[in-house]
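Shown next: data.cif, containing mmCIF, C-alpha atoms and all ligand atoms.
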```cif
data_data
#
loop_
_atom_site.label_atom_id
_atom_site.label_comp_id
_atom_site.auth_asym_id
_atom_site.auth_seq_id
_atom_site.Cartn_x
_atom_site.Cartn_y
_atom_site.Cartn_z
CA MET C 23 21.65 -4.04 12.95
CA LYS C 24 18.80 -6.37 11.94
CA ARG C 25 18.37 -8.64 8.90
CA ILE C 26 15.12 -7.55 7.32
CA LEU C 27 13.17 -9.16 4.50
CA ILE C 28 10.86 -6.96 2.41
CA THR C 29 8.55 -8.78 0.00
CA GLY C 30 7.38 -6.52 -2.82
CA GLY C 31 10.48 -4.42 -2.13
CA ALA C 32 10.85 -3.28 -5.75
CA GLY C 33 7.36 -1.78 -5.75
CA PHE C 34 6.23 1.75 -4.98
CA ILE C 35 5.98 1.54 -1.17
CA GLY C 36 8.49 -1.31 -0.77
CA SER C 37 11.31 0.62 -2.46
CA HIS C 38 10.84 3.57 -0.07
CA LEU C 39 10.89 1.14 2.84
CA CYS C 40 14.16 -0.39 1.53
CA ASP C 41 15.69 3.12 1.50
CA ARG C 42 14.52 3.86 5.02
CA LEU C 43 15.67 0.59 6.61
CA LEU C 44 19.09 0.78 4.93
CA ASN C 45 19.44 4.37 6.16
CA ASP C 46 18.61 3.13 9.64
CA GLY C 47 21.62 0.79 9.38
CA HIS C 48 19.96 -2.57 8.70
CA ASP C 49 20.65 -5.39 6.23
CA VAL C 50 17.81 -5.59 3.73
CA ILE C 51 16.77 -8.50 1.51
CA CYS C 52 14.33 -7.35 -1.16
CA VAL C 53 12.22 -10.10 -2.72
CA ASP C 54 10.09 -9.33 -5.77
CA ASN C 55 8.74 -11.03 -8.90
CA TYR C 56 8.57 -7.67 -10.78
CA PHE C 57 4.88 -8.05 -11.63
CA THR C 58 4.22 -4.38 -10.87
CA GLY C 59 7.57 -3.44 -9.34
CA THR C 60 10.72 -2.60 -11.23
CA ARG C 61 14.47 -2.75 -10.71
CA LYS C 62 14.53 0.96 -11.52
CA ASN C 63 12.97 1.67 -8.11
CA ILE C 64 15.90 0.11 -6.28
CA ILE C 65 18.73 0.44 -8.83
CA HIS C 66 20.42 3.06 -6.64
CA LEU C 67 20.73 0.42 -3.89
CA LEU C 68 22.35 -2.35 -5.92
CA SER C 69 25.92 -1.39 -5.00
CA ASN C 70 25.11 -1.18 -1.28
CA PRO C 71 26.71 -4.18 0.49
CA HIS C 72 23.83 -4.23 2.98
CA PHE C 73 21.25 -4.67 0.19
CA GLU C 74 20.37 -7.95 -1.51
CA LEU C 75 17.89 -8.29 -4.37
CA VAL C 76 16.19 -11.64 -5.06
CA ARG C 77 13.78 -12.36 -7.93
CA HIS C 78 11.28 -14.65 -6.30
CA ASP C 79 7.54 -15.21 -6.29
CA ILE C 80 6.18 -15.53 -2.75
CA ILE C 81 3.60 -18.13 -3.75
CA ASN C 82 6.67 -20.38 -3.47
CA PRO C 83 8.41 -20.85 -0.09
CA PHE C 84 11.44 -18.67 0.59
CA MET C 85 14.27 -19.53 2.97
CA ALA C 86 16.47 -16.97 4.72
CA GLU C 87 17.61 -16.19 8.25
CA VAL C 88 15.91 -12.93 9.16
CA ASP C 89 14.83 -10.92 12.22
CA GLU C 90 11.93 -9.03 10.65
CA ILE C 91 9.67 -9.46 7.62
CA TYR C 92 7.57 -6.76 5.95
CA ASN C 93 5.07 -8.55 3.69
CA LEU C 94 4.15 -6.11 0.93
CA ALA C 95 4.11 -8.37 -2.13
CA CYS C 96 0.75 -7.98 -3.88
CA PRO C 97 -0.43 -5.80 -6.76
CA ALA C 98 -2.30 -2.86 -5.22
CA SER C 99 -3.92 -1.03 -8.13
CA PRO C 100 -7.40 -2.28 -9.15
CA VAL C 101 -6.22 -2.51 -12.79
CA HIS C 102 -3.30 -4.73 -11.85
CA TYR C 103 -4.93 -6.90 -9.20
CA GLN C 104 -7.87 -7.62 -11.51
CA TYR C 105 -5.57 -8.47 -14.45
CA ASN C 106 -4.93 -11.94 -13.00
CA ALA C 107 -7.42 -12.21 -10.15
CA ILE C 108 -6.56 -15.80 -9.25
CA LYS C 109 -2.87 -14.95 -9.03
CA THR C 110 -3.74 -11.99 -6.79
CA ILE C 111 -5.58 -14.13 -4.28
CA LYS C 112 -2.82 -16.77 -4.41
CA THR C 113 -0.26 -14.06 -3.65
CA SER C 114 -2.26 -12.82 -0.67
CA VAL C 115 -3.15 -16.21 0.78
CA ILE C 116 -0.40 -18.67 -0.21
CA GLY C 117 2.17 -15.86 0.01
CA ALA C 118 1.03 -15.10 3.57
CA ILE C 119 1.25 -18.79 4.53
CA ASN C 120 4.80 -18.99 3.14
CA MET C 121 5.95 -15.82 4.89
CA LEU C 122 4.25 -16.78 8.16
CA GLY C 123 5.98 -20.18 7.96
CA LEU C 124 9.30 -18.38 7.56
CA ALA C 125 8.49 -16.16 10.55
CA LYS C 126 7.55 -19.20 12.61
CA ARG C 127 10.81 -21.02 11.86
CA THR C 128 13.09 -18.00 12.34
CA GLY C 129 11.19 -16.31 15.19
CA ALA C 130 11.03 -13.14 13.09
CA THR C 131 8.40 -10.48 13.66
CA ILE C 132 6.22 -10.16 10.56
CA LEU C 133 4.25 -7.12 9.43
CA GLN C 134 1.38 -7.46 6.98
CA ALA C 135 0.55 -4.63 4.58
CA SER C 136 -3.21 -4.97 4.75
CA THR C 137 -5.61 -2.43 3.34
CA SER C 138 -8.60 -0.18 3.87
CA GLU C 139 -10.25 -2.44 1.27
CA VAL C 140 -11.01 -4.87 4.11
CA TYR C 141 -13.82 -2.38 4.92
CA GLY C 142 -15.20 -2.72 1.36
CA ASP C 143 -17.83 -0.06 0.60
CA PRO C 144 -18.06 1.07 4.23
CA LEU C 145 -21.34 1.81 5.96
CA VAL C 146 -19.51 3.32 8.95
CA HIS C 147 -17.65 6.59 8.43
CA PRO C 148 -14.83 7.23 9.24
CA GLN C 149 -13.68 3.63 9.55
CA PRO C 150 -12.35 2.43 12.94
CA GLU C 151 -10.48 -0.88 13.24
CA ALA C 152 -13.46 -2.41 15.11
CA TYR C 153 -15.65 -2.09 11.99
CA TRP C 154 -15.91 -5.46 10.20
CA GLY C 155 -16.63 -4.00 6.80
CA ASN C 156 -19.07 -4.34 3.94
CA VAL C 157 -17.32 -6.47 1.34
CA ASN C 158 -18.75 -8.16 -1.75
CA PRO C 159 -17.28 -11.70 -1.72
CA VAL C 160 -18.05 -12.40 -5.40
CA GLY C 161 -17.26 -9.10 -7.19
CA ILE C 162 -14.39 -7.91 -9.34
CA ARG C 163 -12.55 -6.40 -6.34
CA SER C 164 -13.01 -9.52 -4.18
CA CYS C 165 -9.73 -11.20 -5.24
CA TYR C 166 -7.92 -8.34 -3.52
CA ASP C 167 -10.33 -7.49 -0.66
CA GLU C 168 -11.03 -11.08 0.39
CA GLY C 169 -7.41 -12.13 -0.20
CA LYS C 170 -6.26 -9.41 2.19
CA ARG C 171 -9.00 -10.31 4.70
CA CYS C 172 -7.94 -13.96 4.60
CA ALA C 173 -4.32 -12.91 5.09
CA GLU C 174 -5.33 -10.99 8.24
CA THR C 175 -7.09 -14.16 9.49
CA LEU C 176 -3.96 -16.23 8.82
CA PHE C 177 -1.79 -13.71 10.64
CA MET C 178 -4.00 -13.83 13.74
CA ASP C 179 -4.24 -17.64 13.69
CA TYR C 180 -0.46 -18.06 13.40
CA HIS C 181 -0.21 -15.63 16.31
CA ARG C 182 -2.75 -17.46 18.48
CA LYS C 183 -1.74 -21.03 17.58
CA ASN C 184 2.00 -20.71 16.93
CA ASN C 185 2.97 -17.57 18.88
CA VAL C 186 4.25 -15.88 15.74
CA LEU C 187 4.90 -12.18 16.40
CA VAL C 188 2.60 -10.39 13.98
CA LYS C 189 1.75 -6.78 13.17
CA ILE C 190 -1.13 -5.84 10.88
CA ILE C 191 -1.53 -2.40 9.36
CA ARG C 192 -4.46 -1.34 7.19
CA ILE C 193 -3.08 1.12 4.68
CA PHE C 194 -5.38 3.78 3.20
CA ASN C 195 -4.81 5.27 -0.28
CA THR C 196 -1.11 6.12 -0.48
CA TYR C 197 0.65 8.00 -3.28
CA GLY C 198 4.05 9.44 -4.05
CA THR C 199 7.20 9.16 -6.10
CA ARG C 200 7.96 5.81 -7.80
CA MET C 201 4.34 4.96 -8.51
CA HIS C 202 4.31 3.07 -11.79
CA PRO C 203 3.25 5.38 -14.67
CA GLN C 204 0.77 2.71 -15.84
CA ASP C 205 -0.34 2.01 -12.29
CA GLY C 206 -3.92 3.06 -13.00
CA ARG C 207 -4.60 4.50 -9.55
CA VAL C 208 -6.20 7.87 -9.36
CA VAL C 209 -3.32 10.12 -8.24
CA SER C 210 -0.81 8.90 -10.84
CA ASN C 211 -3.49 8.79 -13.56
CA PHE C 212 -4.55 12.39 -12.96
CA ILE C 213 -0.99 13.74 -12.73
CA ILE C 214 0.13 12.00 -15.92
CA GLN C 215 -3.01 13.05 -17.79
CA ALA C 216 -2.56 16.66 -16.62
CA LEU C 217 1.14 16.76 -17.56
CA GLN C 218 0.43 15.30 -21.01
CA GLY C 219 -2.55 17.60 -21.65
CA LYS C 220 -4.90 14.60 -21.94
CA ASP C 221 -8.44 14.45 -20.58
CA ILE C 222 -8.66 13.86 -16.82
CA THR C 223 -10.76 10.70 -16.44
CA ILE C 224 -13.12 10.86 -13.48
CA TYR C 225 -15.03 7.62 -12.98
CA GLY C 226 -18.65 8.35 -12.07
CA ASP C 227 -19.71 11.77 -10.78
CA GLY C 228 -16.46 12.28 -8.85
CA LEU C 229 -18.28 12.76 -5.56
CA GLN C 230 -16.87 9.53 -4.11
CA THR C 231 -14.22 10.32 -1.50
CA ARG C 232 -10.76 9.06 -0.60
CA SER C 233 -8.19 10.19 1.99
CA PHE C 234 -4.72 10.41 0.47
CA GLN C 235 -1.55 9.70 2.40
CA TYR C 236 1.96 10.60 1.22
CA VAL C 237 4.33 7.61 1.16
CA ASP C 238 6.86 9.08 3.65
CA ASP C 239 4.19 9.23 6.37
CA LEU C 240 3.31 5.58 5.76
CA VAL C 241 6.93 4.40 5.90
CA GLU C 242 7.40 6.17 9.24
CA ALA C 243 4.30 4.42 10.60
CA MET C 244 5.46 1.01 9.33
CA VAL C 245 8.79 1.30 11.11
CA ARG C 246 7.08 2.45 14.31
CA MET C 247 4.56 -0.40 14.09
CA MET C 248 7.35 -2.97 13.79
CA ALA C 249 8.90 -1.54 16.98
CA THR C 250 5.72 -1.79 19.10
CA PRO C 251 5.68 -4.23 22.07
CA LYS C 252 5.32 -7.95 21.21
CA ALA C 253 1.77 -8.20 22.52
CA PHE C 254 0.48 -5.53 20.17
CA THR C 255 -0.66 -7.08 16.88
CA GLY C 256 -3.01 -4.47 15.47
CA PRO C 257 -4.79 -4.20 13.10
CA VAL C 258 -4.08 -0.48 12.96
CA ASN C 259 -5.32 1.98 10.34
CA ILE C 260 -2.54 3.97 8.70
CA GLY C 261 -3.72 6.85 6.58
CA ASN C 262 -4.26 10.56 6.33
CA PRO C 263 -7.75 11.47 7.55
CA ASN C 264 -8.06 14.53 5.29
CA GLU C 265 -10.87 13.48 2.97
CA PHE C 266 -11.37 14.77 -0.59
CA THR C 267 -13.79 14.04 -3.39
CA ILE C 268 -12.20 12.68 -6.56
CA LEU C 269 -13.45 15.83 -8.30
CA GLU C 270 -11.55 18.00 -5.79
CA LEU C 271 -8.44 15.92 -6.41
CA ALA C 272 -8.77 16.43 -10.18
CA GLN C 273 -9.18 20.19 -9.76
CA THR C 274 -6.18 20.40 -7.42
CA VAL C 275 -3.97 18.45 -9.84
CA VAL C 276 -5.06 20.66 -12.76
CA ALA C 277 -4.28 23.80 -10.72
CA LEU C 278 -0.87 22.58 -9.51
CA THR C 279 0.25 21.49 -12.97
CA HIS C 280 -1.24 24.60 -14.71
CA SER C 281 -2.70 22.08 -17.15
CA LYS C 282 -5.12 22.78 -19.99
CA SER C 283 -6.60 19.27 -19.65
CA LYS C 284 -10.35 19.07 -19.39
CA ILE C 285 -12.17 16.89 -16.91
CA ILE C 286 -14.34 14.13 -18.44
CA HIS C 287 -16.55 11.52 -16.78
CA LEU C 288 -16.36 7.77 -17.51
CA PRO C 289 -18.51 4.96 -16.07
CA LEU C 290 -17.89 4.07 -12.43
CA PRO C 291 -16.39 0.56 -12.05
CA ALA C 292 -18.40 -2.03 -10.07
CA ASP C 293 -18.14 -2.01 -6.26
CA ASP C 294 -16.17 1.25 -6.21
CA PRO C 295 -16.35 2.40 -2.54
CA LYS C 296 -18.36 5.63 -2.12
CA GLN C 297 -16.39 7.01 0.79
CA ARG C 298 -13.23 6.26 2.70
CA LYS C 299 -11.54 7.96 5.62
CA PRO C 300 -9.44 6.37 8.37
CA ASP C 301 -10.07 6.76 12.06
CA ILE C 302 -6.42 7.01 13.23
CA HIS C 303 -6.88 7.31 16.99
CA LEU C 304 -5.32 3.89 17.58
CA ALA C 305 -2.28 4.66 15.42
CA LYS C 306 -1.69 7.93 17.27
CA GLU C 307 -1.92 6.16 20.61
CA LYS C 308 0.18 3.08 19.81
CA LEU C 309 2.78 4.55 17.42
CA GLY C 310 4.26 7.19 19.70
CA GLY C 311 2.08 10.09 18.59
CA TRP C 312 2.54 9.31 14.89
CA THR C 313 0.42 11.52 12.69
CA PRO C 314 0.61 12.13 8.94
CA ALA C 315 2.70 15.25 8.37
CA THR C 316 2.37 15.80 4.61
CA HIS C 317 -0.50 17.92 3.32
CA LEU C 318 -2.07 16.83 0.02
CA GLU C 319 -0.73 19.82 -1.95
CA GLU C 320 2.81 19.29 -0.66
CA GLY C 321 2.75 15.58 -1.52
CA LEU C 322 1.21 16.25 -4.92
CA ARG C 323 3.93 18.81 -5.74
CA LYS C 324 6.65 16.22 -5.01
CA THR C 325 4.85 13.57 -7.05
CA ILE C 326 4.26 15.96 -9.95
CA ALA C 327 7.96 16.87 -9.97
CA TYR C 328 8.84 13.15 -10.05
CA PHE C 329 6.55 12.41 -13.01
CA LYS C 330 7.75 15.50 -14.89
CA ASN C 331 11.23 14.07 -14.63
CA THR C 332 10.26 10.48 -15.45
CA LEU C 333 7.91 10.95 -18.39
P1 LIG Q 401 3.05 -2.04 -6.00
O1 LIG Q 401 2.25 -2.76 -7.02
O2 LIG Q 401 3.92 -0.91 -6.46
O3 LIG Q 401 4.00 -3.03 -5.19
C1 LIG Q 401 3.74 -4.40 -5.03
C2 LIG Q 401 5.04 -5.15 -5.25
O4 LIG Q 401 4.81 -6.55 -5.00
C3 LIG Q 401 5.57 -5.03 -6.68
O5 LIG Q 401 6.94 -4.76 -6.66
C4 LIG Q 401 5.26 -6.41 -7.29
O6 LIG Q 401 6.13 -6.73 -8.36
C5 LIG Q 401 5.41 -7.30 -6.07
N1 LIG Q 401 4.69 -8.57 -6.17
C6 LIG Q 401 3.39 -8.76 -6.55
N2 LIG Q 401 3.08 -10.07 -6.48
C7 LIG Q 401 4.20 -10.72 -6.04
C8 LIG Q 401 4.51 -12.07 -5.78
N3 LIG Q 401 3.60 -13.05 -5.96
N4 LIG Q 401 5.75 -12.38 -5.34
C9 LIG Q 401 6.69 -11.41 -5.18
N5 LIG Q 401 6.46 -10.11 -5.41
C10 LIG Q 401 5.22 -9.77 -5.84
O7 LIG Q 401 2.02 -1.54 -4.89
P2 LIG Q 401 2.23 -0.68 -3.56
O8 LIG Q 401 1.29 0.45 -3.64
O9 LIG Q 401 3.68 -0.43 -3.32
O10 LIG Q 401 1.65 -1.68 -2.46
C11 LIG Q 401 2.48 -2.43 -1.60
C12 LIG Q 401 1.62 -3.17 -0.58
O11 LIG Q 401 0.85 -2.23 0.18
C13 LIG Q 401 0.62 -4.14 -1.22
O12 LIG Q 401 0.55 -5.31 -0.46
C14 LIG Q 401 -0.68 -3.39 -1.16
O13 LIG Q 401 -1.78 -4.25 -1.09
C15 LIG Q 401 -0.51 -2.58 0.12
N6 LIG Q 401 -1.37 -1.39 0.11
C16 LIG Q 401 -1.06 -0.32 -0.67
C17 LIG Q 401 -1.90 0.79 -0.69
C18 LIG Q 401 -1.62 2.00 -1.52
O14 LIG Q 401 -2.44 2.92 -1.53
N7 LIG Q 401 -0.50 2.12 -2.20
C19 LIG Q 401 -3.08 0.78 0.07
C20 LIG Q 401 -3.37 -0.35 0.83
C21 LIG Q 401 -2.49 -1.41 0.86
N1 LIG Q 402 -10.63 6.97 -10.28
C1 LIG Q 402 -10.97 7.93 -11.22
N2 LIG Q 402 -10.20 8.07 -12.32
C2 LIG Q 402 -9.09 7.33 -12.54
C3 LIG Q 402 -8.72 6.35 -11.58
C4 LIG Q 402 -9.52 6.20 -10.46
O1 LIG Q 402 -11.98 8.63 -11.05
O2 LIG Q 402 -8.44 7.53 -13.59
C5 LIG Q 402 -11.45 6.83 -9.06
C6 LIG Q 402 -11.88 5.42 -8.73
O3 LIG Q 402 -13.09 5.10 -9.40
C7 LIG Q 402 -12.06 5.51 -7.22
C8 LIG Q 402 -10.98 6.52 -6.80
O4 LIG Q 402 -10.66 7.26 -7.97
O5 LIG Q 402 -13.32 6.02 -6.90
C9 LIG Q 402 -9.72 5.87 -6.24
O6 LIG Q 402 -9.31 4.90 -7.17
P1 LIG Q 402 -7.93 4.10 -7.01
O7 LIG Q 402 -7.90 3.11 -8.11
O8 LIG Q 402 -6.81 5.06 -6.90
O9 LIG Q 402 -8.03 3.39 -5.59
P2 LIG Q 402 -9.17 2.62 -4.77
O10 LIG Q 402 -10.45 2.60 -5.55
O11 LIG Q 402 -8.62 1.26 -4.59
O12 LIG Q 402 -9.29 3.41 -3.54
#
```
Output the file's structure as structure tokens, nothing else.
Ligand code: NAD
Ligand code: UDP
Amino acid sequence: MKRILITGGAGFIGSHLCDRLLNDGHDVICVDNYFTGTRKNIIHLLSNPHFELVRHDIINPFMAEVDEIYNLACPASPVHYQYNAIKTIKTSVIGAINMLGLAKRTGATILQASTSEVYGDPLVHPQPEAYWGNVNPVGIRSCYDEGKRCAETLFMDYHRKNNVLVKIIRIFNTYGTRMHPQDGRVVSNFIIQALQGKDITIYGDGLQTRSFQYVDDLVEAMVRMMATPKAFTGPVNIGNPNEFTILELAQTVVALTHSKSKIIHLPLPADDPKQRKPDIHLAKEKLGGWTPATHLEEGLRKTIAYFKNTL
């Protein structure tokens, strides 16, 4: 049994990771400031003696004796990370310094939830880890993209200079149950709009692409990444390489929900990446043959059922 700290543990991905690590028999400390996360996501765990919930903002230092840290705290939806851009970058950078300091003192292995956004609007397709990206440093997405890039730099420097055991994963668009209804990301937006009979809002022409990964596949990869040999730091892409246009996603959601919603087009936000698809060769090689198992339709059906129940 390990003592494991999850920052952002009350969020969408973090709450699924709490479930998984408790099921695996570990002690879990969940730290969250509830900016985008909610106690509802982990309420079923509150009576578990192996689970501890702490309201804390990681831009302040946190002390605990732990064996592993999963650093997930950071708003992930463009709507939320742009709401308070300076806070977002503080969370990524100062939060990383605080968590790396904790890892250094305790000797814990620390995993960083980085992002495909480090590739920006990519000029290489699909994106391998060796690609350095095409990121606007002064745009409306920069607080998130550059914050996450700086966090990766900090992780590697703490590793090189202080021998901290680090693992970096670059997560591609992930969806599933427990996404916040007001999250603003495309999968939850389209499902909620379809279920409520509202217009489906495609930004731009809808020909931009994304590759959607179901949350269970990500959680499996995170646990496998943490268990890799000490010398392996990543970064490793974690995503589902099946690529869809946003228009295809809208049509699939309408079909699966039997919705009467119509598809409308709104202006495309600035710096919206035109295409995104992970090259996952490294993940397959290093994570024991890991490969995403959930097809888009299957994952969408589960997520639709969740929102039907929640709304
Ligand atoms: P989320 O918004 O549901 O979860 C983030 C959690 O972090 C929330 O519970 C929030 O309250 C908490 N948080 C935010 N700032 C904090 C702070 N300063 N101190 C403490 N807690 C704080 O988003 P998610 O989709 O679950 O994303 C989790 C992580 O995975 C994020 O770091 C995100 O950047 C990364 N990621 C997610 C995706 C995706 O598609 N979901 C893709 C790439 C990377
Ligand atoms: N998008 C859309 N309608 C929405 C929300 C998002 O067309 O209601 C588009 C958005 O412009 C982007 C894609 O869907 O091209 C994915 O957006 P999301 O915010 O989910 O993630 P990210 O842009 O960070 O990949």
_Protein/DNA/RNA residues near (-0.5, -1.3, 7.1), cut 8 Å, all atoms listed in the file, as a ChimeraX atom specification_ = /C:133-137,190-193,240,244,257-260
*Neighbours of ligand LIG 401 (chain Q) within 6 Å, counting only C-alpha atoms and all ligand atoms, as a PyMOL selection string?*
chain C and resi 29-36+54-59+78-81+94-98+113+135-137+193-196
*Check which residues fall inside 8 Å of ligand LIG 402 (chain Q) when counting only C-alpha atoms and all ligand atoms, and print them as a ChimeraX atom specification.*
/C:98-101,139,194-195,206-209,211-212,222-226,228,230-232,268-269,287-288,290-291,294-296,298
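Omitting Tyr141 in chain C and its sequence neighbours fewer than 3 positions away, and counting all atoms listed in the file, the residues within 8 Å are C:Ser138, C:Pro144, C:Gln149, C:Tyr153, C:Trp154, C:Gly155, C:Asn156, C:Val157.
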*Which residues, written as JSON, numbers by chain, have at least one atom at most 9 Å from range 105-108 of chain C, with all atoms listed in the file counted and residues fewer than 6 positions away on the same chain left out?*
{"C": [162, 163, 164, 165, 166]}
For the residues in that selection, give me C-alpha atoms as a tab-separated table (two decimals), keeping the file's coordinate frame.
```tsv
chain	number	residue	atom	x	y	z
C	162	ILE	CA	-14.39	-7.91	-9.34
C	163	ARG	CA	-12.55	-6.40	-6.34
C	164	SER	CA	-13.01	-9.52	-4.18
C	165	CYS	CA	-9.73	-11.20	-5.24
C	166	TYR	CA	-7.92	-8.34	-3.52
```
*Quick one: everything within 7 Å of Ser281 in chain C, counting all atoms listed in the file, minus sequence neighbours fewer than 4 positions away in the same chain. Send it as a ChimeraX atom specification.*
/C:216-217,219,276-277
*For Ile28 in chain C: contacts at 7 Å, all atoms listed in the file, fewer than 6 positions along chain excluded, given as a PyMOL selection string*: chain C and resi 36+51-53+91-94
Generate the output file for the selected residues, C-alpha atoms, as a JSON list (two decimals), in the coordinates of the input.
```
[["chain", "number", "residue", "atom", "x", "y", "z"],
["C", 36, "GLY", "CA", 8.49, -1.31, -0.77],
["C", 51, "ILE", "CA", 16.77, -8.50, 1.51],
["C", 52, "CYS", "CA", 14.33, -7.35, -1.16],
["C", 53, "VAL", "CA", 12.22, -10.10, -2.72],
["C", 91, "ILE", "CA", 9.67, -9.46, 7.62],
["C", 92, "TYR", "CA", 7.57, -6.76, 5.95],
["C", 93, "ASN", "CA", 5.07, -8.55, 3.69],
["C", 94, "LEU", "CA", 4.15, -6.11, 0.93]]
```
*Separation of CA of Phe234 in chain C and CA of Asn262 in chain C, in Å?*
5.9 Å
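Note that the spacing between CA of Phe73 in chain C and CA of Val50 in chain C amounts to 5.0 Å.
Across the structure, CA of Ala130 in chain C and CA of Asp301 in chain C are spaced 29.0 Å apart.
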_Gly311 in chain C surroundings by all atoms listed in the file, 12 Å radius, close-in-sequence under 5 positions cut, as a PyMOL selection string_ = chain C and resi 242-243+246-247+302-306
_Taking (-2.4, -14.7, 8.5) as a centre in this file's frame and 10 Å as the limit, can you find every polymer residue with an atom that close, using all atoms listed in the file, and give them as an MDAnalysis selection string?_
chainID C and resid 114:122 132 134 170:181 186 188 190
